[in-house]
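Visitor: This is model20.txt (compact mmCIF, C-alpha atoms).
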```txt
# COMPACT_ATOMS: atom_id res chain seq x y z
CA PHE E 1202 206.33 236.77 7.17
CA ALA E 1203 203.07 234.97 6.40
CA LEU E 1204 201.40 238.13 5.11
CA ILE E 1205 204.21 239.40 2.89
CA VAL E 1206 205.17 236.06 1.38
CA GLY E 1207 201.62 234.67 1.30
CA ILE E 1208 200.10 237.64 -0.52
CA SER E 1209 203.04 237.77 -2.95
CA LEU E 1210 202.78 234.07 -3.79
CA GLY E 1211 199.00 234.33 -4.12
CA ILE E 1212 199.27 237.19 -6.62
CA ILE E 1213 201.96 235.35 -8.61
CA ALA E 1214 199.85 232.18 -8.71
CA ALA E 1215 196.80 234.12 -9.90
CA LEU E 1216 198.71 235.97 -12.62
CA LEU E 1217 200.31 232.72 -13.82
CA PHE E 1218 197.09 230.71 -13.50
CA GLY E 1219 197.39 227.17 -14.80
CA GLY E 1220 201.14 227.40 -15.36
CA PHE E 1221 204.09 225.66 -13.75
CA TRP E 1222 204.56 228.23 -10.99
CA ASP E 1223 200.86 228.27 -10.17
CA LYS E 1224 200.81 224.49 -9.74
CA SER E 1225 204.08 224.52 -7.78
CA ILE E 1226 202.80 227.18 -5.39
CA LEU E 1227 199.56 225.24 -4.87
CA ALA E 1228 201.51 222.05 -4.16
CA PHE E 1229 203.77 223.85 -1.67
CA THR E 1230 200.86 225.50 0.15
CA SER E 1231 198.88 222.24 0.32
CA PHE E 1232 201.89 220.52 1.87
CA GLY E 1233 202.57 223.43 4.25
CA TYR E 1234 198.97 223.57 5.44
CA SER E 1235 198.91 219.85 6.26
CA LEU E 1236 201.88 219.96 8.66
CA PRO E 1237 201.51 220.98 12.32
CA SER E 1238 203.65 223.89 13.49
CA TYR E 1239 205.78 221.78 15.84
CA VAL E 1240 206.66 219.37 13.00
CA ILE E 1241 207.71 222.29 10.80
CA ALA E 1242 209.70 223.71 13.73
CA MET E 1243 211.68 220.48 14.18
CA ALA E 1244 212.22 220.17 10.42
CA VAL E 1245 213.56 223.71 9.90
CA ALA E 1246 215.70 223.45 13.05
CA ILE E 1247 217.34 220.23 11.84
CA ILE E 1248 217.80 221.40 8.25
CA PHE E 1249 218.86 225.04 8.64
CA ALA E 1250 220.43 225.07 12.13
CA TYR E 1251 222.08 221.64 12.13
CA TYR E 1252 222.89 220.31 8.67
CA LEU E 1253 223.25 223.75 7.04
CA GLN E 1254 224.54 225.59 10.08
CA TYR E 1255 227.89 226.28 8.42
CA LEU E 1256 226.03 228.21 5.69
CA THR E 1257 223.23 229.87 7.66
CA GLY E 1258 224.99 230.52 10.97
CA LEU E 1259 221.67 230.00 12.75
CA ASN E 1260 221.32 228.52 16.24
CA ILE E 1261 219.21 225.43 16.76
CA GLN E 1262 217.88 226.95 20.00
CA GLY E 1263 217.93 230.36 21.61
CA SER E 1264 215.92 233.49 22.31
CA ILE E 1265 216.24 237.11 21.21
CA PHE E 1266 217.87 238.08 24.52
CA GLU E 1267 221.00 236.09 25.37
CA LEU E 1268 223.98 236.55 27.68
CA ASP E 1269 227.48 237.18 26.36
CA GLU E 1270 230.74 235.98 27.98
CA LEU E 1271 230.60 238.84 30.51
CA GLY E 1272 226.99 238.14 31.49
CA ASN E 1273 225.57 241.16 29.68
CA ASP E 1274 222.28 241.03 27.80
CA ILE E 1275 222.66 241.05 24.02
CA ILE E 1276 220.02 240.95 21.28
CA VAL E 1277 220.34 238.05 18.83
CA TRP E 1278 217.87 238.82 16.04
CA LYS E 1279 218.76 235.73 14.02
CA ASN E 1280 217.17 233.54 16.69
CA LEU E 1281 213.81 234.99 15.64
CA LEU E 1282 214.10 233.76 12.04
CA LEU E 1283 213.47 230.02 12.36
CA PRO E 1284 210.58 230.33 14.87
CA ALA E 1285 208.94 232.90 12.59
CA ILE E 1286 209.26 230.58 9.59
CA ALA E 1287 207.97 227.59 11.56
CA LEU E 1288 204.96 229.55 12.81
CA GLY E 1289 204.33 231.28 9.50
CA ILE E 1290 204.26 228.35 7.07
CA ARG E 1291 200.67 227.26 7.82
CA PRO E 1292 199.04 230.73 7.75
CA LEU E 1293 201.23 231.56 4.75
CA SER E 1294 199.71 228.59 2.92
CA VAL E 1295 196.16 229.68 3.74
CA ILE E 1296 196.78 233.33 2.86
CA THR E 1297 198.38 232.29 -0.45
CA GLN E 1298 195.40 230.19 -1.47
CA ILE E 1299 192.86 232.81 -0.39
CA THR E 1300 194.78 235.58 -2.18
CA ARG E 1301 194.98 233.47 -5.33
CA SER E 1302 191.26 232.72 -5.27
CA ALA E 1303 190.30 236.33 -4.52
CA MET E 1304 192.59 237.68 -7.25
CA LEU E 1305 191.21 235.23 -9.82
CA ASP E 1306 187.65 236.30 -8.99
CA THR E 1307 188.58 239.98 -9.16
CA LEU E 1308 190.59 239.71 -12.37
CA SER E 1309 187.60 238.13 -14.12
CA ALA E 1310 185.24 240.95 -13.04
CA PRO E 1311 183.69 243.18 -15.75
CA TYR E 1312 185.31 246.40 -14.47
CA ILE E 1313 188.75 244.80 -14.84
CA ARG E 1314 188.02 243.91 -18.46
CA THR E 1315 186.75 247.45 -19.00
CA ALA E 1316 189.93 248.94 -17.52
CA ARG E 1317 192.07 246.78 -19.79
CA ALA E 1318 189.94 247.67 -22.82
CA LYS E 1319 190.57 251.36 -22.08
CA GLY E 1320 194.31 250.73 -22.25
CA VAL E 1321 195.12 250.83 -18.53
CA SER E 1322 198.50 249.19 -17.90
CA SER E 1323 198.62 245.75 -16.31
CA TYR E 1324 200.48 247.17 -13.30
CA LYS E 1325 197.72 249.70 -12.56
CA VAL E 1326 195.02 247.10 -13.15
CA ILE E 1327 196.58 244.80 -10.56
CA VAL E 1328 197.74 247.36 -7.98
CA LYS E 1329 194.95 249.96 -8.12
CA HIS E 1330 191.91 247.90 -9.11
CA ALA E 1331 192.28 244.14 -8.55
CA PHE E 1332 194.35 243.90 -5.39
CA PRO E 1333 192.42 246.44 -3.22
CA ASN E 1334 189.16 244.63 -4.01
CA ALA E 1335 190.68 241.27 -3.10
CA LEU E 1336 191.76 242.37 0.38
CA ASN E 1337 188.50 241.62 2.23
CA PRO E 1338 188.87 237.82 2.37
CA ILE E 1339 192.58 238.20 3.13
CA GLY E 1340 191.81 240.33 6.19
CA THR E 1341 189.31 237.73 7.39
CA ALA E 1342 191.91 234.99 7.05
CA VAL E 1343 194.54 236.96 8.96
CA SER E 1344 192.27 237.66 11.94
CA GLY E 1345 191.05 234.07 12.03
CA TRP E 1346 194.52 232.57 11.90
CA PHE E 1347 195.89 234.76 14.65
CA ALA E 1348 194.41 232.44 17.29
CA SER E 1349 196.06 229.49 15.59
CA LEU E 1350 199.39 231.33 15.62
CA LEU E 1351 199.13 231.86 19.36
CA ALA E 1352 198.37 228.18 19.91
CA GLY E 1353 201.25 227.11 17.68
CA ALA E 1354 203.64 229.43 19.51
CA PHE E 1355 203.34 227.29 22.63
CA PHE E 1356 204.91 224.31 20.84
CA VAL E 1357 207.30 226.19 18.55
CA GLU E 1358 208.85 228.15 21.42
CA THR E 1359 209.38 224.89 23.29
CA VAL E 1360 211.20 223.35 20.31
CA PHE E 1361 213.52 226.34 19.89
CA ASN E 1362 213.79 227.11 23.63
CA PHE E 1363 212.55 230.59 22.73
CA LYS E 1364 211.69 232.69 25.78
CA GLY E 1365 208.33 234.11 24.77
CA LEU E 1366 204.68 234.07 25.78
CA GLY E 1367 204.26 230.46 24.66
CA SER E 1368 207.08 229.00 26.74
CA LEU E 1369 206.06 231.22 29.66
CA THR E 1370 202.54 229.77 29.55
CA VAL E 1371 203.78 226.17 29.24
CA ASN E 1372 206.15 226.58 32.21
CA ALA E 1373 203.35 228.14 34.24
CA LEU E 1374 201.13 225.14 33.49
CA LEU E 1375 203.88 222.69 34.42
CA ASN E 1376 204.51 224.50 37.71
CA TYR E 1377 200.80 225.02 38.50
CA ASP E 1378 201.43 228.76 38.72
CA LEU E 1379 197.78 229.86 38.58
CA PRO E 1380 198.32 233.67 38.76
CA LEU E 1381 200.81 233.50 35.88
CA ILE E 1382 198.50 231.23 33.86
CA LEU E 1383 195.64 233.69 34.41
CA GLY E 1384 197.85 236.60 33.38
CA CYS E 1385 198.94 234.85 30.17
CA ILE E 1386 195.35 233.99 29.28
CA ILE E 1387 194.10 237.53 29.91
CA PHE E 1388 196.97 239.04 27.91
CA THR E 1389 196.35 236.66 25.00
CA SER E 1390 192.61 237.36 25.08
CA VAL E 1391 193.12 241.13 25.04
CA LEU E 1392 195.58 240.80 22.18
CA PHE E 1393 193.14 238.69 20.19
CA VAL E 1394 190.32 241.20 20.75
CA LEU E 1395 192.57 244.08 19.65
CA ILE E 1396 193.50 242.22 16.47
CA ASN E 1397 189.81 241.75 15.63
CA ILE E 1398 189.10 245.44 16.28
CA LEU E 1399 191.99 246.44 14.02
CA THR E 1400 190.65 244.06 11.36
CA ASP E 1401 187.24 245.77 11.48
CA ILE E 1402 188.92 249.17 11.12
CA PHE E 1403 190.94 247.76 8.22
CA TYR E 1404 187.69 246.76 6.47
CA LEU E 1405 186.37 250.32 6.80
CA VAL E 1406 189.55 251.76 5.31
CA ILE E 1407 189.80 249.47 2.27
CA ASP E 1408 186.08 249.32 1.47
CA PRO E 1409 184.04 252.53 1.92
CA ARG E 1410 180.82 250.55 1.38
CA ASN E 1411 181.24 249.14 4.92
CA ARG E 1412 180.88 252.64 6.40
CA ALA E 1413 177.21 252.88 5.54
```
Here is a file; write its structure as structure tokens.

Guide:
Amino acid sequence: FALIVGISLGIIAALLFGGFWDKSILAFTSFGYSLPSYVIAMAVAIIFAYYLQYLTGLNIQGSIFELDELGNDIIVWKNLLLPAIALGIRPLSVITQITRSAMLDTLSAPYIRTARAKGVSSYKVIVKHAFPNALNPIGTAVSGWFASLLAGAFFVETVFNFKGLGSLTVNALLNYDLPLILGCIIFTSVLFVLINILTDIFYLVIDPRNRA
């Protein structure tokens, strides 16, 4: 959610630099970055699952796996939506601003002006030239914010009563379950290391200069 929406908003803001939408996106991202994840979680739960529940049909609390009337496990995908939004707003804001800044720097580069002078379409200039060269700082932001996402999940899952790694860790801490706490920490650490390894591989793929 943060990647798709953040990169899209960043590109739009860069292309419409100085305009109404650029300023609106900057205002939204500045506001989103300043709010803690648990505050956003309570806000979206109250707005979309309480006041607007008749329109959205979303539950104020619940996990992906729920029990039906017969006691059978069912998958409720809509319960993933609000926690994802609550967790994604802050990294979305950062990714949007970094994408905007990187795109503005890239679009002002000499090779971009040369491509436009040769008659290359705006679509190709953005997709094939500007955007690939703006991906490096975006990848750095994603890997850095992953740790923040894991920390925010502890609070967001508690707000939504979402049965995930965050609530599992919190319950283990409350119950002084040391083996479970250790398991959660090791799992989170391994996941974080894997994300950083994938980020390094991503750098090699998008920028051949890093292979030297």

Visitor: Please, which residues in segment 1337-1412 of chain E fall within 7 Å of segment 1234-1247 of chain E when counting all atoms listed in the file, and what is the closest atom pair and distance in Å to one decimal for each, ordered by chain then residue number, as a Markdown table?

Guide:
```
| residue | atom | partner | partner_atom | distance |
| --- | --- | --- | --- | --- |
| E:Gly1353 | CA | E:Ser1238 | CA | 5.8 |
| E:Phe1356 | CA | E:Tyr1239 | CA | 5.7 |
| E:Val1357 | CA | E:Tyr1239 | CA | 5.4 |
| E:Val1360 | CA | E:Ala1242 | CA | 6.8 |
```

Visitor: Taking all atoms listed in the file into account, which of E:Ile1299, E:Ala1250, E:Ala1310, E:Leu1399 comes nearest Leu1282 of chain E?

Guide: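 Closest candidate: E:Ala1250.
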
Visitor: To one decimal place, how far is atom CA of Ile1265 of chain E from atom CA of Leu1375 of chain E in Å?

Guide: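 That distance, rounded to one decimal, is 23.1 Å.
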
Visitor: Could you tell me which of E:Leu1227, E:Leu1336, E:Leu1305, E:Val1277 comes closest to Phe1403 of chain E if we count all atoms listed in the file?

Guide: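 For Phe1403 of chain E, the nearest of the candidates is E:Leu1336.
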
Visitor: In Å, with one decimal, what is the gap from atom CA of Ser1323 of chain E to atom CA of Gly1211 of chain E?

Guide: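 For atom CA of Ser1323 of chain E relative to atom CA of Gly1211 of chain E, the distance reads 16.7 Å.
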
Visitor: Just give me the gap between atom CA of Val1391 of chain E and atom CA of Gly1367 of chain E in Å, one decimal is fine.

Guide: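 Taking atom CA of Val1391 of chain E as the start and atom CA of Gly1367 of chain E as the end point, the length is 15.4 Å.
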
Visitor: Using all atoms listed in the file, which protein or nucleic acid residues come within 12 Å of Lys1364 of chain E? Drop anything in the same chain fewer than 2 positions from it, and give the result as a JSON list (two decimals) with C-alpha atoms, in the coordinates of the input.

Guide:
```
[["chain", "number", "residue", "atom", "x", "y", "z"],
["E", 1262, "GLN", "CA", 217.88, 226.95, 20.00],
["E", 1263, "GLY", "CA", 217.93, 230.36, 21.61],
["E", 1264, "SER", "CA", 215.92, 233.49, 22.31],
["E", 1265, "ILE", "CA", 216.24, 237.11, 21.21],
["E", 1266, "PHE", "CA", 217.87, 238.08, 24.52],
["E", 1267, "GLU", "CA", 221.00, 236.09, 25.37],
["E", 1280, "ASN", "CA", 217.17, 233.54, 16.69],
["E", 1281, "LEU", "CA", 213.81, 234.99, 15.64],
["E", 1284, "PRO", "CA", 210.58, 230.33, 14.87],
["E", 1354, "ALA", "CA", 203.64, 229.43, 19.51],
["E", 1355, "PHE", "CA", 203.34, 227.29, 22.63],
["E", 1356, "PHE", "CA", 204.91, 224.31, 20.84],
["E", 1357, "VAL", "CA", 207.30, 226.19, 18.55],
["E", 1358, "GLU", "CA", 208.85, 228.15, 21.42],
["E", 1359, "THR", "CA", 209.38, 224.89, 23.29],
["E", 1360, "VAL", "CA", 211.20, 223.35, 20.31],
["E", 1361, "PHE", "CA", 213.52, 226.34, 19.89],
["E", 1362, "ASN", "CA", 213.79, 227.11, 23.63],
["E", 1366, "LEU", "CA", 204.68, 234.07, 25.78],
["E", 1367, "GLY", "CA", 204.26, 230.46, 24.66],
["E", 1368, "SER", "CA", 207.08, 229.00, 26.74],
["E", 1369, "LEU", "CA", 206.06, 231.22, 29.66],
["E", 1370, "THR", "CA", 202.54, 229.77, 29.55],
["E", 1371, "VAL", "CA", 203.78, 226.17, 29.24],
["E", 1372, "ASN", "CA", 206.15, 226.58, 32.21]]
```
